[in-house]
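Student: Next up is a structure, given as structure tokens.
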Amino acid sequence: MRYSSFFIPSLKEDPKEAVLKSHKLLLRAGYVRQLSGGIYTYLPLGLKSLRKLEEVIRKEMNIAGAVELSMPFVQPLDIWRESGRDEDYGKELLRFKDRQDRDFCLAPTYEEVVTDLVKKNIKSYKELPLTLYQIHLKFRDEMRPRFGLMRAKEFIMKDAYSFDTNEIGLDESYKKMKHAYENIFKKLGFDFKFIKAEAGEIGGNYSEELMVFSEYGEDKIVICENCGYAASIDEASSVSDYKGPLESCRQPRMTKLFTPDRKSVEAVGEYLKVDRTCFAKTLIYETESGFIAALVRGDREMNERKLKKAAGVKNLFLAKEEDVERITGAPCGFAGPFNLKDINIIAIDDEINNSEYWITGANEKDAHMANVKPGRDFTPDIVADIRSVQAGDKCIKCSGTLTVKNAIELGHIFKLGEKYSSILNAKFLDEKGESRFFVMGCYGIGVGRTLQTLIEVFSDDNGINLPVSVSPFDIAVVNLNVNDEKITSVAEKIYTDLTAMGIDAIYDDRKLSAGIKLKDIDLIGIPFKIVVGNRTIKDNIFELSTKKNNTTETFDNLDSLYKRAEELLK
RNA sequence: CGGGAUGUGGCGCAGUUGGUAGCGCACCUGCUUUGGGAGCAGGGGGUCGCACGUUCAAAUCGUGUCAUCCCGACCA
């Protein structure tokens with residue numbers, strides 16, 4: 001491909017709308033352009049890379065025995081009403097009407113359509129198992145699209161759906177898919193891990209998320225280096241390492257302490273000269289079923305998802321300041337778990353329950369209460385693990401030391417069971433001639449997100465550094481001076497030869513200064529380059545550079561240059 | 001949907017107390033250049049997001065609205 005006839009609108013400066021390194025690079029390197037919030041055009045370069053990534057995925061899916069198809073992006077709303085997910089999906093489902101006033105939506109996912117398809121076309125156990133997949137658009141009207149392709153409204157996903165006769169078959173299909181995922185992400189060079197995801201709303205479901213570690217990941221994962229335990233921050237538990245209360249706090253009743261203007265745990269701790277671990281902090285939350293007071297140790301983070309689950313509420317957010325003042329009878333910063341008005345539930349972390357003699361707010365301006373004991377001084381309604389694990393905590397399985405890492409969710413695999421087949425009445429006949437529901441699984445990979453994550457992980461200040469398997473071109477031939485006939489004829493020959501060898505080369509033949517061309521080639525993520533300039537002609541030496549490790553090899557004849565290029569591209 | 005920020009040539013930005021809309025890069029023409037974002041000379045391009053209002057006068061002040069980005073609740 002000649003650069004001059006291709007379309008690579010690269011940007012010299014960072015676009016102001018991007019924050020993430022990978023997002024900036026996608027825009028600067030001319031991979032994508034945003035049309036509207038969360039809606040992107042894949043430019044030729046981005047599309048080429050995307051196609052290569054799809055091919056890596058497709059290959060492993062096919063090896064695993066999955067069969068590709070393509071389902072409609074526009075779907076009648078009826079099928080969503082039938083499954084009941086019309087309501088569940090809420091505003092994320094983008095609805096509209098056709099000219100005959102019938103309701104349609106853009107597909108946020110394809111369980112309904114694929115289940116309907118299989119229901120109508122598979123009648124016998126003899127035709128099972130079957131796994132169907134596609135690499136296709138999805139649309140979710142996200143409340144806040146962000147970070148480029150990381151969370152887009154319109155995005156490309158590989159989604160697969162398995163159909164089995166029973167749970168044993170499902171386990172088998174699930175294993176195959178999981179294995180395919182491991183191969184795909186290993187091939188791409190990611191540092192990743194499967195973690196068990198939150199159990200679905202409907203019982204019996206099992207799912208795992210494929211997480212890739214990256215500093216800029218939106219999710220937090222807890223890992224035990226000792227035993228391999230890994231779970232999301234909302235699922236992970238740790239063993240409490242509370243060492244016991246201070247001697248001075250072992251008192252038979254609560255003691256009021258004067259703490260003028262000290263509101264935060266940190267400030268009070270400094271003032272009283274006690275560690276933050278001696279505190280139980282009381283947070284007041286508002287929910288759809290009234291106010292909740294929740295307590296965790298002073299140095300801990302409340303895990304709101306765990307709290308939601310423990311309290312059995314759907315909506316949970318910190319109460320407004322005026323509500324806190326009304327409930328506690330004191331300004332914000334002095335809340336304690338007793339004498340609270342209008343509180344429906346007091347929830348405490350099990351770590352708080354397992355010990356006693358805590359320091360809390362006194363529900364009084366400028367005062368805290370020492371030696372507060374659960375059960376004696378207040379009665380908790382719920383005792384549960386509602387704290388977030390923090391680095392250094394002890395593993396719940398092996399007591400090893402836990403670490404917390406950021407990660408990006410690139411894949412999610414589910415055992416659905418009969419969830420959709422039963423709702424949509426999708427049945428086959430088994431060996432005994434009895435009607436049974438298909439036992440299903442579904443398996444997704446965010447393809448656009450994976451591309452961006454590759455760039456996030458594999459790039460430097462000079463530009464993108466994708467692995468050969470997904471880079472838009474294999475090699476770049478840079479003609480440093482198109483006005484020089486000798487240089488041009490050599491560069492053209494190299495380009496033509498490489499192309500004839502089946503190598504996907506881009507030939508930079510633009511009438512621009514050398515610096516611009518070299519910078520662009522570095523930016524857009526071509527792993528290898530051959531620079532042809534004065535030196536090439538003068539010394540009859542050919543250069544082959546590898547971007548990844550910033551090295552250049554030289555050759556005195558074209559044959560050895562080509563041989564080496566082929567070798568590197570293997 | 002709540003909280004915050006920003007909207008000025010293609011891109012990145014400046015624009016003071018309201019008074020002729022600017023800079024860098026990019027672009028066009030010509031010449032000279034070409035091993036890391038070239039030089040000289042000339043040139044084109046903007047309803048200052050949009051609407052209404054205040055004013056003799058609005059990029060600048062007010063109200064509203066839209067878009068984009070960031071933080072939170074959701075997710076591949």
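In the structure tokens, chains take letters A, B, ... by order of appearance, with residues numbered from 1 within each chain and ligands from 1 in the order shown.
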Restrict the distance test to only C-alpha atoms (C1' of nucleotides), flag each residue of chain B within 12 Å of chain A, and return the flagged residues as a list in words.

Tutor: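 Here they are: C1, G2, A5, U6, G7, G10, C11, G12, C13, G24, C25, A26, U33, U34, G35, G36, G37, A38, A67, U68, C69, C70, C71, G72, A73, C74, C75 and A76 of chain B.
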
Student: Contacts of stretch 14-18 of chain B at 7 Å or less, counting only C-alpha atoms (C1' of nucleotides), minus same-chain residues fewer than 5 places along, as a list in words?

Tutor: C23, A58 and U60 of chain B

Student: Could you please take those selected residues and save N, CA and C atoms (P, O5', C5', C4', C3', O3' and C1' of nucleotides) as an mmCIF file, in the first residue's frame?

Tutor:
data_model
loop_
_atom_site.group_PDB
_atom_site.id
_atom_site.type_symbol
_atom_site.label_atom_id
_atom_site.label_comp_id
_atom_site.auth_asym_id
_atom_site.auth_seq_id
_atom_site.Cartn_x
_atom_site.Cartn_y
_atom_site.Cartn_z
ATOM 1 P P C B 23 -1.897 36.700 13.531
ATOM 2 O "O5'" C B 23 -1.281 35.676 14.573
ATOM 3 C "C5'" C B 23 -0.309 36.117 15.521
ATOM 4 C "C4'" C B 23 0.078 34.980 16.420
ATOM 5 C "C3'" C B 23 0.526 33.708 15.706
ATOM 6 O "O3'" C B 23 1.870 33.797 15.270
ATOM 7 C "C1'" C B 23 -0.960 33.151 17.472
ATOM 8 P P A B 58 -23.499 44.216 19.888
ATOM 9 O "O5'" A B 58 -22.265 43.920 20.850
ATOM 10 C "C5'" A B 58 -20.944 43.767 20.343
ATOM 11 C "C4'" A B 58 -20.303 42.555 20.962
ATOM 12 C "C3'" A B 58 -20.982 41.231 20.614
ATOM 13 O "O3'" A B 58 -20.007 40.195 20.614
ATOM 14 C "C1'" A B 58 -21.138 41.574 22.917
ATOM 15 P P U B 60 -20.270 37.243 24.114
ATOM 16 O "O5'" U B 60 -19.140 37.647 25.160
ATOM 17 C "C5'" U B 60 -18.571 36.664 26.035
ATOM 18 C "C4'" U B 60 -17.472 37.308 26.843
ATOM 19 C "C3'" U B 60 -17.964 38.335 27.856
ATOM 20 O "O3'" U B 60 -17.269 38.185 29.073
ATOM 21 C "C1'" U B 60 -16.384 39.312 26.373
#

Student: Name the residues in contact with stretch 227-243 of chain A at a cut-off of 7 Å, using only C-alpha atoms (C1' of nucleotides), excluding same-chain residues fewer than 2 positions from it; report them as a list in words.

Tutor: Ile195, Lys196, Glu198, Lys220, Ile221, Val222, Ile223, Cys224, Glu225, Pro245, Asn303, Arg305, Lys306, Glu351, Ser388, Val389, Asp393, Lys394, Cys395, Ile396 and Cys398 of chain A

Student: Mind listing the strand (DSSP E) residues of stretch 290-443 of chain A, per DSSP on the backbone, as a PyMOL selection string?

Tutor: chain A and resi 290-297+316-318+343-349+358-361+367-372+382-384+394-395+402-417+427-429+435-437+439-443

Student: Enter the distance from atom C1' of B:G45 to atom C1' of B:U8, in Å, rounded to one decimal.

Tutor: 14.1 Å

Student: Which residues come within 7 Å of A:Ala391, counting only C-alpha atoms (C1' of nucleotides), excluding same-chain residues fewer than 3 positions away, as JSON, numbers by chain?

Tutor: {"A": [402, 403, 404]}

Student: Identify, on the basis of only C-alpha atoms (C1' of nucleotides), every residue whose closest approach to B:A51 does not exceed 12 Å; exclude the query and any residue fewer than 6 positions from it along the same chain; express the result as a PyMOL selection string.

Tutor: chain B and resi 63-66

Student: Between A:Ile39, A:Ile526, A:Ile135, A:Ala267, which is the closest to A:Glu55 once you count only C-alpha atoms?

Tutor: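 Nearest candidate to A:Glu55 out of A:Ile39, A:Ile526, A:Ile135, A:Ala267: A:Ile135.
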
Student: Residues at most 12 Å from B:G42, counting only C-alpha atoms (C1' of nucleotides), excluding those fewer than 5 positions away in the same chain, as number ranges by chain?

Tutor: B: 28-31

Student: Save out the residues we just selected, all heavy atoms, as an mmCIF file, in the first residue's frame.

Tutor:
data_model
loop_
_atom_site.group_PDB
_atom_site.id
_atom_site.type_symbol
_atom_site.label_atom_id
_atom_site.label_comp_id
_atom_site.auth_asym_id
_atom_site.auth_seq_id
_atom_site.Cartn_x
_atom_site.Cartn_y
_atom_site.Cartn_z
ATOM 1 P P C B 28 -1.751 21.682 0.373
ATOM 2 O OP1 C B 28 -2.098 20.512 -0.455
ATOM 3 O OP2 C B 28 -0.410 21.810 0.968
ATOM 4 O "O5'" C B 28 -2.048 23.010 -0.465
ATOM 5 C "C5'" C B 28 -3.276 23.165 -1.159
ATOM 6 C "C4'" C B 28 -3.318 24.534 -1.794
ATOM 7 O "O4'" C B 28 -3.383 25.537 -0.741
ATOM 8 C "C3'" C B 28 -2.064 24.924 -2.571
ATOM 9 O "O3'" C B 28 -2.067 24.365 -3.872
ATOM 10 C "C2'" C B 28 -2.164 26.448 -2.574
ATOM 11 O "O2'" C B 28 -3.135 26.885 -3.500
ATOM 12 C "C1'" C B 28 -2.685 26.706 -1.161
ATOM 13 N N1 C B 28 -1.604 26.984 -0.186
ATOM 14 C C2 C B 28 -1.035 28.260 -0.195
ATOM 15 O O2 C B 28 -1.439 29.091 -1.014
ATOM 16 N N3 C B 28 -0.044 28.552 0.695
ATOM 17 C C4 C B 28 0.369 27.626 1.559
ATOM 18 N N4 C B 28 1.335 27.954 2.410
ATOM 19 C C5 C B 28 -0.190 26.308 1.580
ATOM 20 C C6 C B 28 -1.167 26.035 0.693
ATOM 21 P P U B 29 -0.681 23.919 -4.508
ATOM 22 O OP1 U B 29 -1.029 23.111 -5.686
ATOM 23 O OP2 U B 29 0.225 23.373 -3.473
ATOM 24 O "O5'" U B 29 -0.076 25.312 -4.973
ATOM 25 C "C5'" U B 29 -0.778 26.156 -5.872
ATOM 26 C "C4'" U B 29 0.054 27.383 -6.174
ATOM 27 O "O4'" U B 29 0.005 28.285 -5.030
ATOM 28 C "C3'" U B 29 1.538 27.130 -6.366
ATOM 29 O "O3'" U B 29 1.843 26.666 -7.673
ATOM 30 C "C2'" U B 29 2.126 28.502 -6.073
ATOM 31 O "O2'" U B 29 1.965 29.379 -7.167
ATOM 32 C "C1'" U B 29 1.239 28.973 -4.914
ATOM 33 N N1 U B 29 1.829 28.661 -3.597
ATOM 34 C C2 U B 29 2.742 29.580 -3.078
ATOM 35 O O2 U B 29 3.073 30.581 -3.674
ATOM 36 N N3 U B 29 3.265 29.241 -1.850
ATOM 37 C C4 U B 29 2.965 28.115 -1.115
ATOM 38 O O4 U B 29 3.505 27.960 -0.023
ATOM 39 C C5 U B 29 2.032 27.221 -1.717
ATOM 40 C C6 U B 29 1.503 27.520 -2.912
ATOM 41 P P G B 30 3.103 25.692 -7.859
ATOM 42 O OP1 G B 30 3.029 25.222 -9.255
ATOM 43 O OP2 G B 30 3.169 24.718 -6.761
ATOM 44 O "O5'" G B 30 4.324 26.696 -7.701
ATOM 45 C "C5'" G B 30 4.518 27.744 -8.641
ATOM 46 C "C4'" G B 30 5.644 28.639 -8.199
ATOM 47 O "O4'" G B 30 5.284 29.296 -6.954
ATOM 48 C "C3'" G B 30 6.952 27.936 -7.856
ATOM 49 O "O3'" G B 30 7.692 27.588 -9.001
ATOM 50 C "C2'" G B 30 7.645 28.988 -7.001
ATOM 51 O "O2'" G B 30 8.208 30.014 -7.800
ATOM 52 C "C1'" G B 30 6.470 29.547 -6.197
ATOM 53 N N9 G B 30 6.356 28.898 -4.882
ATOM 54 C C8 G B 30 5.563 27.829 -4.540
ATOM 55 N N7 G B 30 5.688 27.478 -3.282
ATOM 56 C C5 G B 30 6.629 28.363 -2.774
ATOM 57 C C6 G B 30 7.173 28.477 -1.471
ATOM 58 O O6 G B 30 6.935 27.802 -0.479
ATOM 59 N N1 G B 30 8.102 29.533 -1.393
ATOM 60 C C2 G B 30 8.446 30.340 -2.429
ATOM 61 N N2 G B 30 9.359 31.281 -2.168
ATOM 62 N N3 G B 30 7.950 30.255 -3.650
ATOM 63 C C4 G B 30 7.046 29.256 -3.752
ATOM 64 P P C B 31 8.587 26.254 -8.986
ATOM 65 O OP1 C B 31 9.006 25.999 -10.386
ATOM 66 O OP2 C B 31 7.854 25.210 -8.222
ATOM 67 O "O5'" C B 31 9.846 26.685 -8.131
ATOM 68 C "C5'" C B 31 10.834 27.541 -8.704
ATOM 69 C "C4'" C B 31 11.728 28.110 -7.625
ATOM 70 O "O4'" C B 31 10.916 28.689 -6.567
ATOM 71 C "C3'" C B 31 12.589 27.098 -6.874
ATOM 72 O "O3'" C B 31 13.731 26.695 -7.616
ATOM 73 C "C2'" C B 31 12.947 27.902 -5.633
ATOM 74 O "O2'" C B 31 13.938 28.883 -5.897
ATOM 75 C "C1'" C B 31 11.617 28.597 -5.336
ATOM 76 N N1 C B 31 10.809 27.790 -4.373
ATOM 77 C C2 C B 31 11.087 27.918 -3.006
ATOM 78 O O2 C B 31 12.004 28.679 -2.635
ATOM 79 N N3 C B 31 10.380 27.187 -2.117
ATOM 80 C C4 C B 31 9.416 26.366 -2.544
ATOM 81 N N4 C B 31 8.752 25.667 -1.632
ATOM 82 C C5 C B 31 9.119 26.218 -3.933
ATOM 83 C C6 C B 31 9.828 26.949 -4.803
#

Student: Just give me the gap between atom CA of A:Thr488 and atom CA of A:Asp509 in Å, one decimal is fine.

Tutor: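 Between atom CA of A:Thr488 and atom CA of A:Asp509 the gap works out to 8.4 Å.
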
Student: Can you pull out the residues contacting stretch 56-71 of chain A? Cut-off 8 Å, using only C-alpha atoms (C1' of nucleotides), and skip same-chain residues under 5 positions away; I want them as a PyMOL selection string.

Tutor: chain A and resi 110+113-114+130-136+160+176-177+180-181+183-184+469

Student: May I have the selected residues written with N, CA and C atoms, as an mmCIF file, in the first residue's frame?

Tutor:
data_model
loop_
_atom_site.group_PDB
_atom_site.id
_atom_site.type_symbol
_atom_site.label_atom_id
_atom_site.label_comp_id
_atom_site.auth_asym_id
_atom_site.auth_seq_id
_atom_site.Cartn_x
_atom_site.Cartn_y
_atom_site.Cartn_z
ATOM 1 N N TYR A 110 -27.456 -10.648 22.028
ATOM 2 C CA TYR A 110 -28.175 -11.489 21.066
ATOM 3 C C TYR A 110 -28.762 -12.788 21.625
ATOM 4 N N VAL A 113 -32.316 -13.540 20.096
ATOM 5 C CA VAL A 113 -32.349 -13.907 18.680
ATOM 6 C C VAL A 113 -31.745 -15.286 18.450
ATOM 7 N N VAL A 114 -30.641 -15.557 19.123
ATOM 8 C CA VAL A 114 -29.985 -16.848 18.884
ATOM 9 C C VAL A 114 -30.830 -17.984 19.464
ATOM 10 N N LEU A 130 -24.104 -27.550 20.078
ATOM 11 C CA LEU A 130 -23.849 -26.569 19.026
ATOM 12 C C LEU A 130 -23.416 -25.247 19.660
ATOM 13 N N THR A 131 -22.328 -24.698 19.124
ATOM 14 C CA THR A 131 -21.920 -23.364 19.582
ATOM 15 C C THR A 131 -21.865 -22.428 18.381
ATOM 16 N N LEU A 132 -22.630 -21.355 18.453
ATOM 17 C CA LEU A 132 -22.676 -20.372 17.371
ATOM 18 C C LEU A 132 -22.001 -19.089 17.849
ATOM 19 N N TYR A 133 -21.328 -18.415 16.926
ATOM 20 C CA TYR A 133 -20.731 -17.135 17.335
ATOM 21 C C TYR A 133 -20.763 -16.139 16.197
ATOM 22 N N GLN A 134 -20.581 -14.892 16.557
ATOM 23 C CA GLN A 134 -20.471 -13.833 15.562
ATOM 24 C C GLN A 134 -19.514 -12.773 16.084
ATOM 25 N N ILE A 135 -19.023 -11.963 15.155
ATOM 26 C CA ILE A 135 -18.230 -10.799 15.540
ATOM 27 C C ILE A 135 -18.984 -9.634 14.926
ATOM 28 N N HIS A 136 -19.629 -8.866 15.774
ATOM 29 C CA HIS A 136 -20.683 -8.016 15.258
ATOM 30 C C HIS A 136 -20.886 -6.793 16.150
ATOM 31 N N ALA A 160 -20.525 -15.569 21.580
ATOM 32 C CA ALA A 160 -20.782 -16.973 21.243
ATOM 33 C C ALA A 160 -21.850 -17.522 22.178
ATOM 34 N N LYS A 176 -14.351 -25.540 26.814
ATOM 35 C CA LYS A 176 -13.748 -25.331 25.487
ATOM 36 C C LYS A 176 -13.590 -23.844 25.194
ATOM 37 N N MET A 177 -14.630 -23.094 25.495
ATOM 38 C CA MET A 177 -14.587 -21.657 25.238
ATOM 39 C C MET A 177 -13.538 -20.991 26.111
ATOM 40 N N ALA A 180 -10.271 -21.578 24.668
ATOM 41 C CA ALA A 180 -10.066 -20.747 23.478
ATOM 42 C C ALA A 180 -9.674 -19.322 23.907
ATOM 43 N N TYR A 181 -10.332 -18.825 24.918
ATOM 44 C CA TYR A 181 -10.029 -17.476 25.412
ATOM 45 C C TYR A 181 -8.591 -17.399 25.914
ATOM 46 N N ASN A 183 -6.114 -19.161 24.938
ATOM 47 C CA ASN A 183 -5.216 -19.146 23.777
ATOM 48 C C ASN A 183 -5.174 -17.772 23.121
ATOM 49 N N ILE A 184 -6.324 -17.166 22.962
ATOM 50 C CA ILE A 184 -6.406 -15.855 22.301
ATOM 51 C C ILE A 184 -5.592 -14.821 23.076
ATOM 52 N N SER A 469 0.850 -9.732 14.946
ATOM 53 C CA SER A 469 -0.411 -10.402 14.615
ATOM 54 C C SER A 469 -1.581 -9.427 14.474
#

Student: If you measure from atom CA of A:Glu543 to atom CA of A:Ile530, what distance in Å do you get, rounded to one decimal?

Tutor: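 Calculated distance between atom CA of A:Glu543 and atom CA of A:Ile530 is 5.6 Å.
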